[in-house]
Amino acid sequence: MSVTGRIEEVKSEALRAVAGAGSTAELENARVKYLGRSAELTDIKKSIGKLPPEDRKEVGRVSNVASREIESALASRTKALAAAEREARLREEAVDVTLPGVPYPKGHLHPTLRVIDEVVDFFVGLGYRVAEGPEAETDYYNFTALNIPPGHPARSEHDTFFLDEGLVLRTHTSPVQIRTMLEGEPPVYVVVPGRTYRRDSDPTHTPMFHQIEGLAVDRGLTLAHLKGTLAAMARHVFGEGLKVRLRPGYFQFVEPGVEMDLSCFVCDGTDPNCKVCKGAGWLEMLGAGMVDPAVLEEVGYDPEEYTGFAFGMGPDRMAMVKYGIPDLRMFFEGDLRFLKQF
Ligand code: DAH
C-alpha cells in the first residue's frame with residue numbers, strides 16, 4: 001500500500017477512536033496513540049526525508065492534513081465530553097440548600113454567671129470599672145492591709161487554705177480593694193467578680209465559691225450613697241419594687257459596717273411558710289460599709305479628704321435564692337441536666 005493510503009487508513013481509525021471515546025480519559029489515550037511521540041503518523045513524518053524526492057511533498061501534505069483533522073476531532077470531542085462530565089458531576093454533588101441544617105446544640109450560662117453578669121452590667125452602667133486580682137493572694141492583701149493583723153481573732157473565721165511562701169487562697173475578693181487603691185489616686189469606682197476559697201462544705205457552702213466586691217472612693221461619699229447604690233442593684237437583679245434594709249454588721253475593714261437585707265421577692269413577708277425566706281420576710285444579701293480610715297491610710301489616701309464605701313456579695317447564694325436551688329453543691333457538679341434548666 002502506498003504511504004498516503006496508509007495515512008488515510010490511520011486517520012480513519014483515529015477518527016473512529018475519537019468518535020467512540022466515552023470519557024476524557026479515553027480521549028487522552030487516543031491522542032497519545034495517534035498523535036503521540038511513538039504514533040505511527042509521527043514515525044511516517046519523521047521518515048519523510050528517506051522517501052524518494054518526488055513523493056516527499058505529497059506525503060508531507062497528506063500527513064499534515066491527517067494530523068490536523070485528528071487534532072480538531074479531538075478538540076471538539078474533548079469539549080463535548082468535558083461539558084457532559086461537568087454536568088454529571090454538578091448533578092451528583094448538588095446540595096439542596098433548602099434542607100434543614102444539622103442543629104448545633106446551644107450552651108447554657110451557669111446560674112452564677114448569670115447573676116455575675118447582671119450585677120457587673122449594673123455597675124458598669126453606673127461607670128464602675130471591672131477589676132480582678134490573683135486567687136493565690138498574699139497574707140498581707142488578704143488580711144493585714146484590710147485591718148486584720150496577724151493574730152487577730154477575725155482571721156480564724158475565714159477557714160483559710162494556706163499555700164507555701166506566705167500565700168493563701170484568697171478567702172474573699174476584698175484584697176482587690178487594696179490592690180486597686182494602690183494603683184492610683186481617687187476617685188475609684190470598681191466592681192470585682194472572682195473566685196474565693198474557704199475550708200467549708202455543706203449544702204450552703206462549697207470550698208470554692210464566688211464573690212463580687214465593690215469599692216467607691218471619692219470626695220463626699222456617705223452611707224446614703226451606699227444604700228442608694230446597693231438598693232438599685234438589688235432591684236435590678238431581683239425585681240423592681242423590692243425594699244432593702246440595713247442592719248449593723250461587723251467587718252474589720254469598714255466602719256460603720258452593715259448587712260443589707262432584701263424584702264422577700266416571693267412573699268414580701270406575707271407567707272410564714274415561704275420556702276425562700278422561711279417566713280422571715282427578708283433575705284440577707286450582702287455585707288458593706290464605709291471604708292475604715294485605717295484602710296485608706298494604709299494605701300496612702302487621706303481620710304480627711306476622701307471617704308468611700310465597699311461591699312461584698314455572694315452571687316452563688318444570690319442565684320440559689322433567685323432560681324430556688326436548694327443545694328449549692330449542685331452548682332459545681334457540672335451535671336448538664338441541672339445546667340440545661342437555665
Ligand atoms: N469580705 C467580706 C466577706 O467575705 C464581705 C464584705 C463585707 C466585703 C463588707 C466588703 C464589705 O467590701 O464592705 O465576708
# chains A, B, ... in the order shown; residues from 1 in each chain; ligands from 1

call {"tool": "residues_near_ligand", "arguments": {"ligand": "ligand 1", "cutoff": "7 Å", "atoms": "only C-alpha atoms and all ligand atoms", "output": "ChimeraX atom specification"}}
result
/A:171-174,213-215,251,253-254,257,286-291,309-313

call {"tool": "write_last_selection", "arguments": {"atoms": "all heavy atoms", "output": "short mmCIF file (atom, residue, chain, number, x, y, z; two decimals), in the first residue's frame"}}
result
data_model
loop_
_atom_site.label_atom_id
_atom_site.label_comp_id
_atom_site.auth_asym_id
_atom_site.auth_seq_id
_atom_site.Cartn_x
_atom_site.Cartn_y
_atom_site.Cartn_z
N THR A 171 -9.62 34.39 100.67
CA THR A 171 -10.85 33.98 101.33
C THR A 171 -12.00 34.91 100.98
O THR A 171 -13.15 34.65 101.31
CB THR A 171 -10.67 33.99 102.87
OG1 THR A 171 -10.27 35.32 103.26
CG2 THR A 171 -9.60 33.00 103.29
N HIS A 172 -11.67 36.01 100.30
CA HIS A 172 -12.69 36.95 99.84
C HIS A 172 -12.09 37.80 98.71
O HIS A 172 -10.89 37.70 98.44
CB HIS A 172 -13.23 37.82 100.98
CG HIS A 172 -12.20 38.48 101.83
ND1 HIS A 172 -12.50 39.32 102.87
CD2 HIS A 172 -10.83 38.45 101.81
CE1 HIS A 172 -11.40 39.77 103.45
NE2 HIS A 172 -10.37 39.24 102.82
N THR A 173 -12.93 38.59 98.04
CA THR A 173 -12.41 39.45 96.98
C THR A 173 -11.95 40.80 97.52
O THR A 173 -11.43 41.63 96.77
CB THR A 173 -13.48 39.67 95.87
OG1 THR A 173 -14.75 39.88 96.50
CG2 THR A 173 -13.57 38.47 94.95
N SER A 174 -12.09 41.00 98.83
CA SER A 174 -11.72 42.31 99.40
C SER A 174 -10.25 42.70 99.16
O SER A 174 -9.97 43.91 99.05
CB SER A 174 -12.04 42.33 100.89
OG SER A 174 -13.41 42.06 101.09
N GLU A 213 -17.02 41.99 94.71
CA GLU A 213 -16.64 43.08 95.59
C GLU A 213 -16.94 44.39 94.89
O GLU A 213 -16.95 44.44 93.65
CB GLU A 213 -15.13 42.98 95.83
CG GLU A 213 -14.61 43.83 96.95
CD GLU A 213 -14.85 43.16 98.31
OE1 GLU A 213 -15.15 41.95 98.31
OE2 GLU A 213 -14.74 43.84 99.33
N GLY A 214 -17.18 45.41 95.66
CA GLY A 214 -17.31 46.73 95.05
C GLY A 214 -16.62 47.75 95.92
O GLY A 214 -16.55 47.58 97.15
N LEU A 215 -16.10 48.78 95.30
CA LEU A 215 -15.43 49.84 96.06
C LEU A 215 -15.62 51.17 95.36
O LEU A 215 -15.43 51.27 94.15
CB LEU A 215 -13.93 49.54 96.17
CG LEU A 215 -13.08 50.63 96.85
CD1 LEU A 215 -13.39 50.71 98.35
CD2 LEU A 215 -11.59 50.36 96.63
N PHE A 251 -17.36 44.16 109.99
CA PHE A 251 -16.26 43.72 109.15
C PHE A 251 -15.09 44.63 109.46
O PHE A 251 -15.26 45.85 109.58
CB PHE A 251 -16.64 43.82 107.67
CG PHE A 251 -17.91 43.10 107.32
CD1 PHE A 251 -19.13 43.78 107.28
CD2 PHE A 251 -17.92 41.73 107.10
CE1 PHE A 251 -20.31 43.12 106.99
CE2 PHE A 251 -19.11 41.06 106.81
CZ PHE A 251 -20.30 41.74 106.76
N PHE A 253 -12.69 45.96 107.95
CA PHE A 253 -12.18 46.99 107.05
C PHE A 253 -13.20 48.08 106.73
O PHE A 253 -12.97 48.91 105.86
CB PHE A 253 -11.66 46.34 105.76
CG PHE A 253 -12.52 45.20 105.30
CD1 PHE A 253 -13.56 45.42 104.41
CD2 PHE A 253 -12.31 43.91 105.77
CE1 PHE A 253 -14.36 44.37 103.99
CE2 PHE A 253 -13.12 42.86 105.36
CZ PHE A 253 -14.15 43.08 104.47
N VAL A 254 -14.36 48.04 107.42
CA VAL A 254 -15.34 49.12 107.23
C VAL A 254 -15.82 49.63 108.59
O VAL A 254 -15.81 48.90 109.58
CB VAL A 254 -16.57 48.64 106.40
CG1 VAL A 254 -16.20 48.51 104.93
CG2 VAL A 254 -17.14 47.35 106.94
N GLY A 257 -20.03 49.22 109.66
CA GLY A 257 -20.29 48.10 108.76
C GLY A 257 -21.78 47.78 108.78
O GLY A 257 -22.45 48.01 109.80
N LEU A 286 -25.94 41.00 101.47
CA LEU A 286 -24.51 41.31 101.33
C LEU A 286 -24.00 42.05 102.55
O LEU A 286 -24.77 42.52 103.40
CB LEU A 286 -24.26 42.16 100.07
CG LEU A 286 -25.13 43.38 99.82
CD1 LEU A 286 -24.68 44.58 100.67
CD2 LEU A 286 -25.02 43.77 98.36
N GLY A 287 -22.66 42.14 102.63
CA GLY A 287 -22.00 42.93 103.65
C GLY A 287 -21.45 44.18 102.98
O GLY A 287 -21.08 44.16 101.82
N ALA A 288 -21.43 45.25 103.75
CA ALA A 288 -20.95 46.51 103.18
C ALA A 288 -20.57 47.46 104.30
O ALA A 288 -20.69 47.12 105.49
CB ALA A 288 -22.05 47.13 102.32
N GLY A 289 -20.13 48.64 103.93
CA GLY A 289 -19.82 49.62 104.96
C GLY A 289 -19.00 50.76 104.38
O GLY A 289 -18.65 50.76 103.21
N MET A 290 -18.73 51.74 105.25
CA MET A 290 -17.87 52.85 104.85
C MET A 290 -16.42 52.41 105.09
O MET A 290 -16.10 51.88 106.16
CB MET A 290 -18.19 54.09 105.70
CG MET A 290 -19.63 54.58 105.56
SD MET A 290 -20.15 54.88 103.84
CE MET A 290 -19.15 56.31 103.42
N VAL A 291 -15.58 52.61 104.09
CA VAL A 291 -14.19 52.14 104.20
C VAL A 291 -13.55 52.73 105.46
O VAL A 291 -13.61 53.94 105.70
CB VAL A 291 -13.39 52.56 102.95
CG1 VAL A 291 -11.95 52.06 103.05
CG2 VAL A 291 -14.05 52.04 101.68
N PHE A 309 -17.17 53.76 100.16
CA PHE A 309 -17.93 52.62 100.65
C PHE A 309 -17.52 51.37 99.89
O PHE A 309 -17.01 51.46 98.76
CB PHE A 309 -19.45 52.85 100.59
CG PHE A 309 -20.04 53.06 99.22
CD1 PHE A 309 -20.36 51.97 98.41
CD2 PHE A 309 -20.28 54.34 98.74
CE1 PHE A 309 -20.92 52.16 97.15
CE2 PHE A 309 -20.84 54.55 97.49
CZ PHE A 309 -21.17 53.45 96.68
N ALA A 310 -17.70 50.23 100.56
CA ALA A 310 -17.31 48.96 99.96
C ALA A 310 -18.43 47.97 100.21
O ALA A 310 -19.24 48.14 101.13
CB ALA A 310 -16.01 48.45 100.58
N PHE A 311 -18.48 46.96 99.38
CA PHE A 311 -19.50 45.93 99.59
C PHE A 311 -19.00 44.61 99.01
O PHE A 311 -18.13 44.59 98.14
CB PHE A 311 -20.83 46.31 98.95
CG PHE A 311 -20.72 46.75 97.52
CD1 PHE A 311 -20.81 45.83 96.48
CD2 PHE A 311 -20.50 48.09 97.22
CE1 PHE A 311 -20.70 46.25 95.15
CE2 PHE A 311 -20.39 48.51 95.90
CZ PHE A 311 -20.49 47.59 94.86
N GLY A 312 -19.53 43.53 99.57
CA GLY A 312 -19.16 42.21 99.07
C GLY A 312 -20.39 41.32 99.09
O GLY A 312 -21.16 41.33 100.06
N MET A 313 -20.60 40.63 97.97
CA MET A 313 -21.80 39.77 97.93
C MET A 313 -21.44 38.43 97.32
O MET A 313 -20.38 38.26 96.70
CB MET A 313 -22.91 40.45 97.12
CG MET A 313 -22.60 40.63 95.66
SD MET A 313 -23.80 41.74 94.87
CE MET A 313 -22.87 43.26 94.80
#

call {"tool": "select_by_dssp", "arguments": {"residues": "stretch 91-267 of chain A", "states": "alpha helix (DSSP H)", "output": "VMD selection string"}}
result
chain A and resid 91 to 93 111 to 125 139 to 142 175 to 183 223 to 238

call {"tool": "residues_around", "arguments": {"residues": "A:Ala319", "least_positions_apart": "5", "cutoff": "12 Å", "atoms": "only C-alpha atoms", "output": "ChimeraX atom specification"}}
result
/A:110-119,204,209-211,237-238,276,285,313-314,324-328,330-331,342

call {"tool": "closest_atom_pairs", "arguments": {"of": "stretch 252-327 of chain A", "to": "stretch 216-223 of chain A", "cutoff": "6 Å", "atoms": "only C-alpha atoms", "output": "tab-separated table"}}
result
residue	atom	partner	partner_atom	distance
A:Tyr306	CA	A:Arg219	CA	4.7
A:Thr307	CA	A:Leu221	CA	5.6
A:Gly308	CA	A:Val217	CA	4.0
A:Phe309	CA	A:Ala216	CA	5.4

call {"tool": "atom_distance", "arguments": {"atom1": "atom CA of A:Pro53", "atom2": "atom CA of A:Tyr34"}}
result
25.7 Å

call {"tool": "closest_residue", "arguments": {"among": "A:Glu85, A:Asp159, A:Glu40, A:Glu54", "to": "A:Met208", "atoms": "only C-alpha atoms"}}
result
A:Asp159

call {"tool": "atom_distance", "arguments": {"atom1": "atom CA of A:Ser263", "atom2": "atom CA of A:Gly281"}}
result
5.9 Å

call {"tool": "residues_around", "arguments": {"residues": "A:Met233", "least_positions_apart": "6", "cutoff": "10 Å", "atoms": "only C-alpha atoms", "output": "list in words"}}
result
Glu118, Val119, Val120, Asp121, Phe122, Phe123, Lys227, Gly239 and Glu240 of chain A

call {"tool": "closest_residue", "arguments": {"among": "A:Glu183, A:Gly125, A:Asp202, A:Tyr301", "to": "A:His236", "atoms": "only C-alpha atoms"}}
result
A:Gly125

call {"tool": "select_by_dssp", "arguments": {"residues": "stretch 6-201 of chain A", "states": "strand (DSSP E or B)", "output": "list in words"}}
result
Arg129, Val130, Ala136, Glu137, Thr138, Phe162, Leu167, Val168, Leu169, Val188, Tyr189, Val190, Val191, Val192, Pro193, Gly194, Arg195, Thr196 and Tyr197 of chain A

call {"tool": "atom_distance", "arguments": {"atom1": "atom CA of A:Thr160", "atom2": "atom CA of A:Met320"}}
result
23.9 Å

call {"tool": "closest_residue", "arguments": {"among": "A:Arg170, A:Lys33, A:Arg337, A:Arg179", "to": "A:Ala145", "atoms": "only C-alpha atoms"}}
result
A:Arg179

call {"tool": "closest_residue", "arguments": {"among": "A:Ala294, A:Val32, A:Val124, A:Val59", "to": "A:Thr4", "atoms": "only C-alpha atoms"}}
result
A:Val59
